[in-house]
Amino acid sequence: MMAPDIHQLIARAQAAYVRCIDDGDLAQWPAFFTEKCVYKVTTADNYRRKMEAAMIYAASRGMLIDRVTSLRDANIYEQHGYRHLLGQPFIVEDDGQEARSETSFMVARVMRDGTTDLFATGRYCDVYVREDNGVKLRERIVVCDSSRIDTLLALPL
Amino acid sequence: MMAPDIHQLIARAQAAYVRCIDDGDLAQWPAFFTEKCVYKVTTADNYRRKMEAAMIYAASRGMLIDRVTSLRDANIYEQHGYRHLLGQPFIVEDDGQEARSETSFMVARVMRDGTTDLFATGRYCDVYVREDNGVKLRERIVVCDSSRIDTLLALPL
Amino acid sequence: MMAPDIHQLIARAQAAYVRCIDDGDLAQWPAFFTEKCVYKVTTADNYRRKMEAAMIYAASRGMLIDRVTSLRDANIYEQHGYRHLLGQPFIVEDDGQEARSETSFMVARVMRDGTTDLFATGRYCDVYVREDNGVKLRERIVVCDSSRIDTLLALPL
């Protein structure tokens, strides 16, 4: 069996990532990142103008763990769920150790009463690092297309 | 040319499956399943609580054929169409003969008058069996995120 | 490293194509097509009845370049953006030089004020030609599911 190439490695990591948020155990979410990492949620407007402002910002796996813990305490899962659909990753750069990729997403939000709406669209601007059994995120900048993203943004994107 | 791996086999089977429902000949739909099979549509709530209740249930390819025939007689296609978008399959388990996978979906519904809405989101919990030229579904449990799925659920998911 | 097969070549070309429209430089869009090409946007109804009517029609890369130039002059980008999500390509036929494929799409439209809606769903009916570093479109017929597609259809699909 051939080793999967970088497109496949990233596509599979993404499938596991969204499953973790949508159906799985959110406590596993930080494990998709390297110890030192950047996770940021911003808007296309801010990203284009290279503005630092971000709706969510974390600079380590520890900060991601804190975030997940507070979400669990607030019982966010009782209130709504997400469904992520991702496109194929576009490989911007790959030096054999790290790869820079961009991936489009659409996220539907399903409220407790069953109402479903298109919650967010955008792209992940990622830096993946190769590890023994796959790839991990050293950086994920979630660039939301709309600037009207719910400020109560709760579950991770 | 290398043989496609299980991720690719499943992704390609899924592409054919949704094409059959969205654009193709619905009469071909049962052919994606093995002779003895389970096809079930349920909600995330029921699935989580391991409740047996299902909106649609079929236990053989013959039952799927019956369903398709009655849909055709009712001229369902005249009334609306679907558009499925699927994520990458996540391989839960693979013993070389059978593979268990989960795949996210979003389905848009397009009515006769052109109105389009996000009809359903959820995931397929599948058991695929390897066959000569690909894979077939031995089990598909369609787990809808919302419990407010249209009870007139007509075309298959 | 194995050469990517036709599924992978097309999936990667599609990822680059939608990135060009959604996030990139629209001026690059015509480069996804061969010099002589067909690009057409039509409805499922027209397509089924083999009617010639099309909402957009171009018969060469030059016509695509003209279209992009006029969009830029009209400053379309200031008004809204798209987010395309595509399914896996279904390979209808492949003779080693050209491949015929069908790919489902959903497109969300994000207006300047942040409003997001499901703008269009449908499928690409494509003819791809193999070239040195990948594949190019010799024909793309964009078949929209709904016949109520915005006549001000601006950015390419």
# chains A, B, ... in the order shown; residues from 1 in each chain; ligands from 1
$ interface_residues --of "chain B" --to "chain C" --cutoff "8 Å" --atoms "only C-alpha atoms" --output "JSON, numbers by chain"
{"B": [1, 2, 11, 12, 15, 16, 19, 81, 83, 84, 85, 86, 87, 108, 110, 111, 113, 114, 115, 116, 117, 118]}
$ select_by_dssp --residues "chain B" --states "alpha helix (DSSP H)" --output "NGL selection string"
:B and (6-22 or 44-48 or 61-73)
$ write_last_selection --atoms "N, CA and C atoms" --output "compact mmCIF listing (two decimals), in the first residue's frame"
# COMPACT_ATOMS: atom_id res chain seq x y z
N ILE B 6 -9.09 2.19 0.86
CA ILE B 6 -10.48 2.15 1.32
C ILE B 6 -11.12 3.54 1.37
N HIS B 7 -10.33 4.58 1.70
CA HIS B 7 -10.87 5.94 1.67
C HIS B 7 -11.38 6.28 0.27
N GLN B 8 -10.57 5.95 -0.72
CA GLN B 8 -10.93 6.29 -2.10
C GLN B 8 -12.11 5.45 -2.58
N LEU B 9 -12.09 4.16 -2.26
CA LEU B 9 -13.21 3.29 -2.66
C LEU B 9 -14.52 3.83 -2.12
N ILE B 10 -14.51 4.22 -0.85
CA ILE B 10 -15.75 4.70 -0.24
C ILE B 10 -16.14 6.06 -0.81
N ALA B 11 -15.16 6.96 -0.94
CA ALA B 11 -15.48 8.29 -1.48
C ALA B 11 -16.09 8.17 -2.88
N ARG B 12 -15.59 7.24 -3.67
CA ARG B 12 -16.11 7.09 -5.03
C ARG B 12 -17.49 6.44 -5.05
N ALA B 13 -17.70 5.48 -4.15
CA ALA B 13 -19.03 4.88 -4.04
C ALA B 13 -20.04 5.94 -3.61
N GLN B 14 -19.63 6.80 -2.70
CA GLN B 14 -20.54 7.86 -2.23
C GLN B 14 -20.89 8.82 -3.36
N ALA B 15 -19.89 9.17 -4.17
CA ALA B 15 -20.15 10.09 -5.28
C ALA B 15 -21.17 9.49 -6.25
N ALA B 16 -21.04 8.18 -6.49
CA ALA B 16 -21.99 7.51 -7.39
C ALA B 16 -23.37 7.45 -6.74
N TYR B 17 -23.42 7.21 -5.45
CA TYR B 17 -24.67 7.10 -4.70
C TYR B 17 -25.48 8.40 -4.77
N VAL B 18 -24.84 9.51 -4.47
CA VAL B 18 -25.59 10.76 -4.46
C VAL B 18 -25.95 11.20 -5.88
N ARG B 19 -25.12 10.89 -6.83
CA ARG B 19 -25.45 11.20 -8.23
C ARG B 19 -26.72 10.44 -8.65
N CYS B 20 -26.81 9.21 -8.21
CA CYS B 20 -27.97 8.37 -8.53
C CYS B 20 -29.25 9.02 -8.01
N ILE B 21 -29.21 9.56 -6.80
CA ILE B 21 -30.41 10.18 -6.22
C ILE B 21 -30.66 11.56 -6.81
N ASP B 22 -29.62 12.34 -6.97
CA ASP B 22 -29.80 13.75 -7.35
C ASP B 22 -30.04 13.94 -8.84
N ALA B 44 -30.43 12.17 15.40
CA ALA B 44 -29.27 12.12 16.29
C ALA B 44 -29.72 11.81 17.72
N ASP B 45 -30.85 12.38 18.11
CA ASP B 45 -31.39 12.13 19.45
C ASP B 45 -31.68 10.64 19.66
N ASN B 46 -32.41 10.05 18.74
CA ASN B 46 -32.73 8.62 18.84
C ASN B 46 -31.46 7.77 18.79
N TYR B 47 -30.57 8.14 17.93
CA TYR B 47 -29.35 7.36 17.76
C TYR B 47 -28.51 7.37 19.03
N ARG B 48 -28.41 8.53 19.63
CA ARG B 48 -27.61 8.69 20.85
C ARG B 48 -28.20 7.85 21.99
N ARG B 61 -32.56 -5.55 0.18
CA ARG B 61 -32.58 -4.78 -1.08
C ARG B 61 -33.98 -4.79 -1.68
N GLY B 62 -34.70 -5.89 -1.47
CA GLY B 62 -36.07 -5.97 -1.97
C GLY B 62 -36.96 -4.86 -1.41
N MET B 63 -36.79 -4.57 -0.12
CA MET B 63 -37.58 -3.50 0.48
C MET B 63 -37.21 -2.14 -0.11
N LEU B 64 -35.95 -1.99 -0.46
CA LEU B 64 -35.52 -0.74 -1.07
C LEU B 64 -36.13 -0.58 -2.47
N ILE B 65 -36.20 -1.70 -3.18
CA ILE B 65 -36.80 -1.68 -4.51
C ILE B 65 -38.29 -1.30 -4.42
N ASP B 66 -38.98 -1.90 -3.44
CA ASP B 66 -40.39 -1.54 -3.22
C ASP B 66 -40.55 -0.05 -2.98
N ARG B 67 -39.67 0.46 -2.17
CA ARG B 67 -39.76 1.89 -1.82
C ARG B 67 -39.59 2.76 -3.06
N VAL B 68 -38.60 2.43 -3.85
CA VAL B 68 -38.33 3.20 -5.07
C VAL B 68 -39.52 3.13 -6.02
N THR B 69 -40.12 1.96 -6.14
CA THR B 69 -41.26 1.79 -7.03
C THR B 69 -42.42 2.67 -6.60
N SER B 70 -42.69 2.70 -5.31
CA SER B 70 -43.83 3.50 -4.85
C SER B 70 -43.54 4.99 -5.02
N LEU B 71 -42.26 5.37 -4.86
CA LEU B 71 -41.92 6.78 -5.10
C LEU B 71 -42.17 7.14 -6.56
N ARG B 72 -41.81 6.22 -7.44
CA ARG B 72 -41.98 6.51 -8.87
C ARG B 72 -43.47 6.63 -9.22
N ASP B 73 -44.26 5.72 -8.65
CA ASP B 73 -45.70 5.79 -8.91
C ASP B 73 -46.30 7.10 -8.39
$ residues_around --residues "Arg138 of chain B" --least-positions-apart "6" --cutoff "6 Å" --atoms "only C-alpha atoms" --output "PyMOL selection string"
chain B and resi 33-34+37+127-128
$ write_last_selection --atoms "N, CA, C and O atoms" --output "short mmCIF file (atom, residue, chain, number, x, y, z; two decimals), in the first residue's frame"
data_model
loop_
_atom_site.label_atom_id
_atom_site.label_comp_id
_atom_site.auth_asym_id
_atom_site.auth_seq_id
_atom_site.Cartn_x
_atom_site.Cartn_y
_atom_site.Cartn_z
N PHE B 33 -26.61 -1.36 -2.44
CA PHE B 33 -26.68 -2.16 -1.21
C PHE B 33 -26.48 -3.64 -1.52
O PHE B 33 -26.76 -4.10 -2.63
N THR B 34 -26.02 -4.39 -0.51
CA THR B 34 -25.96 -5.83 -0.65
C THR B 34 -27.38 -6.40 -0.52
O THR B 34 -28.29 -5.71 -0.05
N CYS B 37 -29.40 -6.27 3.83
CA CYS B 37 -28.81 -4.99 4.22
C CYS B 37 -29.72 -4.29 5.21
O CYS B 37 -30.86 -4.72 5.43
N VAL B 127 -21.65 0.58 6.98
CA VAL B 127 -20.78 -0.60 6.88
C VAL B 127 -20.67 -0.95 5.40
O VAL B 127 -21.68 -1.26 4.75
N TYR B 128 -19.45 -0.85 4.88
CA TYR B 128 -19.20 -1.18 3.47
C TYR B 128 -18.52 -2.54 3.38
O TYR B 128 -17.63 -2.86 4.18
#
$ select_by_dssp --residues "chain C" --states "strand (DSSP E)" --output "PyMOL selection string"
chain C and resi 33-43+56-60+80-86+90-94+98-111+116-131+134-144
$ residues_around --residues "Val38 of chain C" --least-positions-apart "4" --cutoff "6 Å" --atoms "only C-alpha atoms" --output "number ranges by chain"
C: 58-59, 139
$ atom_distance --atom1 "atom CA of Arg140 of chain A" --atom2 "atom CA of Tyr57 of chain A"
10.2 Å
